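Below you'll find the structure, written out as structure tokens, and then a few comments.
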Amino acid sequence: MPSEYRLILKHLDQPGYTPDLDCYLRHDGYHVLRQALALAPRPGPDGKPISPQEQLRHEVTLSGLRGRGGAGFSCGLKWSLVDRKSGKPIYLVCNADESEPGTFKDRQVIYKDPHQLLEGLILSSYANDVHLAYIYIRGEFVEGARILERALAEARAQGFLGRNILGSGYDLEVYVHRGAGAYICGEETGLLESLEGKRPYPRVKPPYFPAVLGLYLCPTIVNNVETLCAVKHVMALGGAEYAKLGTPNNTGTRLVSLSGHIQRPGYYEIEVGKVTLGELIFDPAFGNGLRPSRRLKAIIPGGVSAKIFKAGEKVKVKRPGPDGRELEQTLDVLELPYDFTSLTAAGSMSGSGAIIVLDDTTDMVSALANISEFFAHESCGQCTPCREGSLWLAKALRRLTQGAGRAQDAEYLARIADSIPGGRTICAFGEACSWPVQSTVAKFKDEFVARGKDHEARRTAAAQAGETAK
Amino acid sequence: MPVTVPSALEAQIEELIARYPQKRSAAVMVLHALQDHFGCLAPETMEWAAAKLELQPINILELVTFYPMFRQAPVGRFHLKVCRTLSCALAGSHELHRHLCEKLGLDRHAHGPQTTPDGKFTVEFVECLAGCGTAPVLMCNDACHEGVTLAQAEALLAQCEGG
Ligand SMILES: Cc1cc2nc3c(=O)[nH]c(=O)nc-3n(C[C@H](O)[C@H](O)[C@H](O)COP(=O)(O)O)c2cc1C
Ligand code: SF4
Ligand code: FES
């Protein structure tokens, strides 16, 4: 029986659980921080002492934790890339921009359990010798920003933040920084530009990798809200113990946002890879299936940027067999374990953990038009292929939803979408705006062609009617 | 005409600026504070912000014209932002938007924010508000309303009318 595994979500929906510090402390809050700050240097194998910070970073590496913001990059590796020899301050920025359509998980923690995020953030800052950190929260989370401000004030008043935290000698200041409604602020280098008071134009990488040239061109760690919460649990359990949750290379738990045509939309926490895409959609513990007499048509498995799956689609994935050797298997998409590796192997991605379910009442042309409208609106405009391409896609799709389509529009859409990504743009938005178009047009091509032909036929008929009326 | 920024607001803005090693970083936060107070960001307000942050007015204008939440003209007392993105669209947010426009005598096809002649309501479509599991979602000023039915939308309008 597939079921939820609530680690990050453990308390936040319990009756009587409130976002204030007292409640958090009653639930063992800041216990992990206390322990971490009490760690002493340990002699290493070569006799040289290993600092508490290094020990903590080692636990994160051992945990196998992968970033929950979208890219699934190893958190331990990201931290190890930080330039610690530059002599410049190291900054940490929590990405609370949560704006990938379909995603609403970080918001749950921010609104209902803000101190859990703060504890993870303080631990991560301590482990990386950070003394100044920011929480970059999307502008629309007005109440969320207030809740975080309140939580920060409470934590400061009780000595969990500020100077000499819990008498350890460690200083850390954390501030909330609000965005103002632009999706591209979620891209980490766009976010840093925004935090510097500029337009959120993503930076060219290389050389501007945040770990080396981040905020104010100093080494900077950018981690998602959920990743920082997971760090708290890594440090509570120990890296090796955390790595036992989930599946190899896809360790721990993960928050999943389910929306669209489904009986029980909502947020769920699973052990990564222990539940399949089909179970997330159909099992009573999760989505509980579609509405009566509806049938599955398509699944967007990782936010609208992810490539779409068609119901019944078969995918080839390589997975370790019982003897540990890699085996190639053909699976129905519904049989895919919901983890980073399997979804990537199947040609899509788990992205931000947002699954949008589309049933047989969905018009794929309109659904794609909706998605492309989003990207056309949100492109920052720096790169010509993305700025122009995202607009052309949206315009062609608008035509196809408003009676002005052409039979060749399917080809046209595919051609534009193919010419945006692949190193032609500064950031991964180029891929994000192309993938839904490439995959939807390829997998539902007949619908796009039929729509265009139908519009052409109507125009011809109308023109002929006009002729005879003359 | 130069703006008059009340001393309490100026103190709040100075506190915001002190949160960053570089003044310019506070720009978006300062603009939020000014817009909350004045209702929109007029040229003189932007100039004030630029001077406060030791920047050129263009450095502020380029932010105001980029970030969707900033505006140069006032909006209604109740600003309704309806999510137009996929999960909400599947749950009827476009019908919700149409219904609000019809009730308020606004053009549902118009682009961007539209305000009723009495200045009471502004309606606009926005992108995903991170409430997709409880679609359709709309914001009324700072508050997020989830799973909004047409009847609830009407009740909300009535409540605003009364308030
Ligand atoms: C267009 C675009 C939008 C993104 N939006 C978000 C977002 O809203 N929240 C987020 O955490 N990461 C977002 N990311 C990913 C970030 O760039 C970055 O990888 C992430 O914050 C790193 O944190 P993690 O390693 O903890 O996942 C986005 C990336 C791109 C390319
Ligand atoms: S790919 Fe698009 S969003 Fe990214 S930097 Fe270029 S124009 Fe901006
Ligand atoms: S699609 Fe409307 S809140 Fe996400």
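All residue names refer to the structure tokens as shown: chains lettered A, B, ... in order, residues numbered from 1 in each chain, ligands numbered from 1 in order.
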
Ligand 1 neighbours within 8 Å using only C-alpha atoms and all ligand atoms, as number ranges by chain: A: 66-75, 78, 94-100, 183-189, 222-228, 352, 427-429, 432

Expected selection as JSON, numbers by chain for ligand 3 within 7 Å, only C-alpha atoms and all ligand atoms: {"A": [101, 102, 103], "B": [83, 84, 85, 86, 87, 88, 127, 128, 129, 130, 131, 132, 135, 136, 137]}

Output file for the selection above: all heavy atoms, as a short mmCIF file (atom, residue, chain, number, x, y, z; two decimals), in the first residue's frame:
data_model
loop_
_atom_site.label_atom_id
_atom_site.label_comp_id
_atom_site.auth_asym_id
_atom_site.auth_seq_id
_atom_site.Cartn_x
_atom_site.Cartn_y
_atom_site.Cartn_z
N PRO A 101 4.26 27.20 -12.35
CA PRO A 101 2.84 26.86 -12.27
C PRO A 101 2.60 25.39 -11.93
O PRO A 101 3.23 24.49 -12.47
CB PRO A 101 2.34 27.20 -13.67
CG PRO A 101 3.21 28.35 -14.08
CD PRO A 101 4.56 27.99 -13.54
N GLY A 102 1.70 25.18 -10.98
CA GLY A 102 1.40 23.84 -10.48
C GLY A 102 1.99 23.59 -9.10
O GLY A 102 1.61 22.65 -8.41
N THR A 103 2.90 24.48 -8.68
CA THR A 103 3.65 24.24 -7.43
C THR A 103 3.10 25.09 -6.28
O THR A 103 2.96 26.30 -6.42
CB THR A 103 5.13 24.60 -7.65
OG1 THR A 103 5.53 24.16 -8.94
CG2 THR A 103 6.00 23.98 -6.60
N CYS B 83 -6.21 34.32 -10.99
CA CYS B 83 -5.16 33.51 -11.61
C CYS B 83 -5.66 32.96 -12.94
O CYS B 83 -6.72 32.35 -13.00
CB CYS B 83 -4.75 32.37 -10.70
SG CYS B 83 -3.65 31.21 -11.53
N ARG B 84 -4.88 33.16 -14.01
CA ARG B 84 -5.30 32.68 -15.33
C ARG B 84 -4.57 31.40 -15.75
O ARG B 84 -4.82 30.85 -16.80
CB ARG B 84 -5.08 33.75 -16.42
CG ARG B 84 -3.63 34.15 -16.64
CD ARG B 84 -3.33 34.64 -18.04
NE ARG B 84 -3.36 33.55 -18.99
CZ ARG B 84 -2.41 32.63 -19.16
NH1 ARG B 84 -1.31 32.65 -18.43
NH2 ARG B 84 -2.54 31.69 -20.04
N THR B 85 -3.61 30.93 -14.96
CA THR B 85 -2.73 29.85 -15.39
C THR B 85 -3.44 28.49 -15.31
O THR B 85 -4.54 28.38 -14.81
CB THR B 85 -1.40 29.92 -14.60
OG1 THR B 85 -1.04 31.29 -14.45
CG2 THR B 85 -0.28 29.22 -15.32
N LEU B 86 -2.74 27.45 -15.82
CA LEU B 86 -3.40 26.20 -16.19
C LEU B 86 -4.32 25.56 -15.15
O LEU B 86 -5.50 25.32 -15.44
CB LEU B 86 -2.34 25.18 -16.65
CG LEU B 86 -2.89 23.90 -17.25
CD1 LEU B 86 -3.78 24.17 -18.45
CD2 LEU B 86 -1.75 22.96 -17.64
N SER B 87 -3.83 25.28 -13.94
CA SER B 87 -4.67 24.55 -12.99
C SER B 87 -5.92 25.35 -12.64
O SER B 87 -7.00 24.79 -12.47
CB SER B 87 -3.88 24.22 -11.72
OG SER B 87 -2.75 23.46 -12.06
N CYS B 88 -5.77 26.64 -12.53
CA CYS B 88 -6.94 27.48 -12.25
C CYS B 88 -7.85 27.55 -13.46
O CYS B 88 -9.08 27.51 -13.32
CB CYS B 88 -6.51 28.88 -11.81
SG CYS B 88 -5.91 28.91 -10.12
N GLU B 127 -0.60 35.64 -13.26
CA GLU B 127 -0.10 34.28 -13.42
C GLU B 127 -0.14 33.54 -12.09
O GLU B 127 -0.30 34.14 -11.03
CB GLU B 127 1.31 34.30 -14.01
CG GLU B 127 1.40 34.95 -15.40
CD GLU B 127 0.59 34.25 -16.48
OE1 GLU B 127 0.15 33.10 -16.27
OE2 GLU B 127 0.37 34.86 -17.55
N CYS B 128 0.06 32.22 -12.18
CA CYS B 128 -0.05 31.27 -11.05
C CYS B 128 0.30 31.88 -9.69
O CYS B 128 1.38 32.43 -9.49
CB CYS B 128 0.83 30.06 -11.32
SG CYS B 128 0.82 28.82 -10.00
N LEU B 129 -0.62 31.73 -8.75
CA LEU B 129 -0.44 32.31 -7.42
C LEU B 129 0.00 31.27 -6.38
O LEU B 129 -0.07 31.51 -5.18
CB LEU B 129 -1.75 32.98 -6.98
CG LEU B 129 -2.11 34.26 -7.74
CD1 LEU B 129 -3.55 34.67 -7.48
CD2 LEU B 129 -1.16 35.39 -7.37
N ALA B 130 0.42 30.10 -6.85
CA ALA B 130 0.87 29.02 -5.96
C ALA B 130 -0.24 28.55 -5.03
O ALA B 130 -0.02 28.29 -3.84
CB ALA B 130 2.12 29.43 -5.18
N GLY B 131 -1.43 28.42 -5.61
CA GLY B 131 -2.54 27.84 -4.86
C GLY B 131 -3.28 26.83 -5.73
O GLY B 131 -4.49 26.62 -5.56
N CYS B 132 -2.55 26.23 -6.66
CA CYS B 132 -3.15 25.40 -7.72
C CYS B 132 -3.96 24.23 -7.20
O CYS B 132 -4.86 23.72 -7.89
CB CYS B 132 -2.07 24.89 -8.66
SG CYS B 132 -0.61 25.94 -8.72
N ALA B 135 -7.68 25.43 -6.64
CA ALA B 135 -8.11 26.31 -7.73
C ALA B 135 -9.63 26.40 -7.78
O ALA B 135 -10.30 25.47 -7.33
CB ALA B 135 -7.57 25.75 -9.04
N PRO B 136 -10.19 27.48 -8.33
CA PRO B 136 -9.51 28.68 -8.79
C PRO B 136 -9.19 29.65 -7.65
O PRO B 136 -9.90 29.69 -6.66
CB PRO B 136 -10.54 29.29 -9.75
CG PRO B 136 -11.86 28.87 -9.22
CD PRO B 136 -11.64 27.50 -8.62
N VAL B 137 -8.11 30.39 -7.86
CA VAL B 137 -7.60 31.25 -6.80
C VAL B 137 -7.68 32.71 -7.25
O VAL B 137 -7.45 33.03 -8.42
CB VAL B 137 -6.11 30.90 -6.54
CG1 VAL B 137 -5.51 31.83 -5.51
CG2 VAL B 137 -5.99 29.46 -6.07
#

Phe78 in chain B surroundings by only C-alpha atoms, 9 Å radius, close-in-sequence under 4 positions cut, as a list in words: Gly119, Lys120, Phe121, Thr122, Val123, Cys140, Asn141 and Cys160 of chain B

Contacts of range 447-451 of chain A at 8 Å (only C-alpha atoms; same-chain gap of 3+ positions) as JSON, numbers by chain: {"A": [364, 365, 400, 405, 406, 407, 408, 409, 410, 441, 444, 454, 455]}

Interface, chain B side, toward chain A (9 Å; only C-alpha atoms) as a ChimeraX atom specification: /B:19-29,32,59-60,62-63,66-70,84-91,126-135,139,142-144

Exercise answer, 6 Å around ligand 2 with only C-alpha atoms and all ligand atoms, as number ranges by chain: A: 201-202, 379-383, 386-387, 425-430

Strand (DSSP E or B) positions in range 186-390 of chain A, given as JSON, numbers by chain: {"A": [220, 221, 222, 223, 224, 246, 247, 250, 251, 253, 254, 255, 256, 257, 258, 259, 260, 266, 267, 268, 269, 270, 271, 276, 296, 297, 298, 299, 300, 309, 310, 314, 315, 316, 317, 318, 319, 320, 326, 327, 328, 329, 330, 331, 332, 337, 354, 355, 356, 357, 358, 359]}

Separation of CA of Lys310 in chain A from CA of Glu279 in chain A, in Å and rounded to one decimal: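 Answer for the CA of Lys310 in chain A to CA of Glu279 in chain A separation: 16.2 Å.
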
Between CA of Gly347 in chain A and CA of Arg254 in chain A, distance in Å (one decimal):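 Atom-to-atom, CA of Gly347 in chain A to CA of Arg254 in chain A, that is 20.4 Å.
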
Range 18-215 of chain A: residues DSSP assigns to helix (DSSP H, G or I), reported as number ranges by chain: A: 21-26, 31-38, 52-63, 75-80, 106-112, 114-127, 142-157, 165-167, 183-186, 188-195, 210-213, 215

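CA of Pro15 in chain A is positioned 26.7 Å from CA of Met235 in chain A.
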
Spatial neighbours of Pro219 in chain A, 7 Å, only C-alpha atoms, chain gap at least 4 places, as a list in words: Val82, Asp83, Ile90, Tyr91, Pro210, Ala211, Val212, Leu213 and Gly214 of chain A
